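What follows is a single structure, written as structure tokens, with notes after it.
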Amino acid sequence: MKNFFRHNGGLILLIAILLAIATALGSTLLGGTANPIANAVGTITAPIRGAVNSFLQWTENRYDYAFRYEALQAENEELRKENAKLQDDAREGQAAAQENKRLRELLNLAAKRRDFQFASATVVSYGASNWENTLTLSKGSNFDIAAGDCVVTETGALVGVVTEVGYNWCSVSTVVDATIEMGGLITRTSSAGILKGDFALMTEGRLKLSYLPEEVDFIAGDEVVTSGMGGVYPSGLLVGYVEEIHSEPSGMARYAAVTPAVTLSDLIEVFVITDFDVVE
């Protein structure tokens, strides 16, 4: 091998020089076009390079998508928690505002009727059928509540009358119950009559005001309050409003169908009047 390079080294060097000159001349003559060997190599490797680049680009896109998706999920979870908290705060604020409103109205009622003594109670259940319309409250004789006590809202609107009392509960016949009977008064005309429950009207959520003077002028929307007649119940408690005028079956008298001032099924907290001054 050494002898081969010693005897032929000059020839090999000459061939290398000629190839270099030929390559340079080829590149010059081709004007920047790749030589055949480079062109062949580039042609073979071009699809591979493209596939590799495409795979790398796809991998990068998938990674970016996964990263962004996780970030969006985390952000969405934070927004969901924040929204839930805001809703809870809004509910608490609304409940507090309603409670403040009830207390203000109760204070107004207490200021107007200083003779009233109250026991607050929660409505445990509401029962309505063809035979009765009642409430069960959370307090009883342990708070000096007794049968015959009137139950009102914080504004002084009549809810009903206590009919049965336990130690820590009581039953209330609402203003539309068929057993209710008390003196009523139309404030516009000062016309007195009797407020009574009626089975037919009870199913409609109403009661009747009857035994009024024949000449009384009913108008739909007239305000009806308790008259306090007989001293059994306080006077001036708002009962409801005249809705319609009807004739008794005999045709000899008229009565007013009265819609209560309160929505009985929506009540949550009420106030029992445990004592009051009788006004003759």
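The way I read the labels, and the way they are meant: chains A, B, ... in the order of the structure tokens, residue 1 as the first residue of every chain, and ligand 1 as the first ligand shown, with later ones counted on from there.
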Checklist line | Long-range neighbours of Val172 (chain A) as a PyMOL selection string, 12 Å cut-off, only C-alpha atoms, 3 positions minimum in chain | finding: chain A and resi 121+123-128+132-140+145-152+158-166+169+175-177+179-180+264+270-272
*Within 8 Å of Leu109 (chain A) using only C-alpha atoms, minus same-chain residues under 6 positions, as a list in words*: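 Everything that qualifies: Glu154, Thr155 and Gly156 of chain A.
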Store the residues picked out above in a file with C-alpha atoms, as a JSON list (two decimals), in the first residue's frame.
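Output file selection-v1.json follows:
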[["chain", "number", "residue", "atom", "x", "y", "z"],
["A", 154, "GLU", "CA", -94.35, 42.06, 60.34],
["A", 155, "THR", "CA", -96.60, 44.65, 58.67],
["A", 156, "GLY", "CA", -99.57, 43.79, 60.88]]
Next on the checklist: I'd like the interatomic distance between CA of Ala178 (chain A) and CA of Leu207 (chain A), to a tenth of an Å.
Outcome noted: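 Between these atoms lies a distance of 8.2 Å.
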Query - Contact residues around Val242 (chain A) with only C-alpha atoms at 7 Å, ignoring same-chain residues under 3 positions, as a VMD selection string - result: chain A and resid 220 to 223 256 to 259
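Put simply, CA of Ile219 (chain A) is 27.5 Å away from CA of Ser173 (chain A).
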With distances taken over only C-alpha atoms, the candidate from A:Ser247, A:Thr189, A:Thr263, A:Asn130 nearest Thr203 (chain A) is A:Asn130
Using only C-alpha atoms, the best pick from A:Pro249, A:Gly240, A:Gly228, A:Pro234 as closest to Leu209 (chain A) would be A:Gly240
Proximity to Leu185 (chain A) - best of A:Tyr167, A:Ala157, A:Glu215, A:Met229, only C-alpha atoms: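 Of A:Tyr167, A:Ala157, A:Glu215, A:Met229, the one nearest Leu185 (chain A), counting only C-alpha atoms, is A:Met229.
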So that I can see what lies close to Ala192 (chain A), please list as a ChimeraX atom specification the residues with an atom at most 10 Å from it, counting only C-alpha atoms and leaving out residues fewer than 4 positions away in the same chain.
/A:183-187,209-213,216,224-227,229
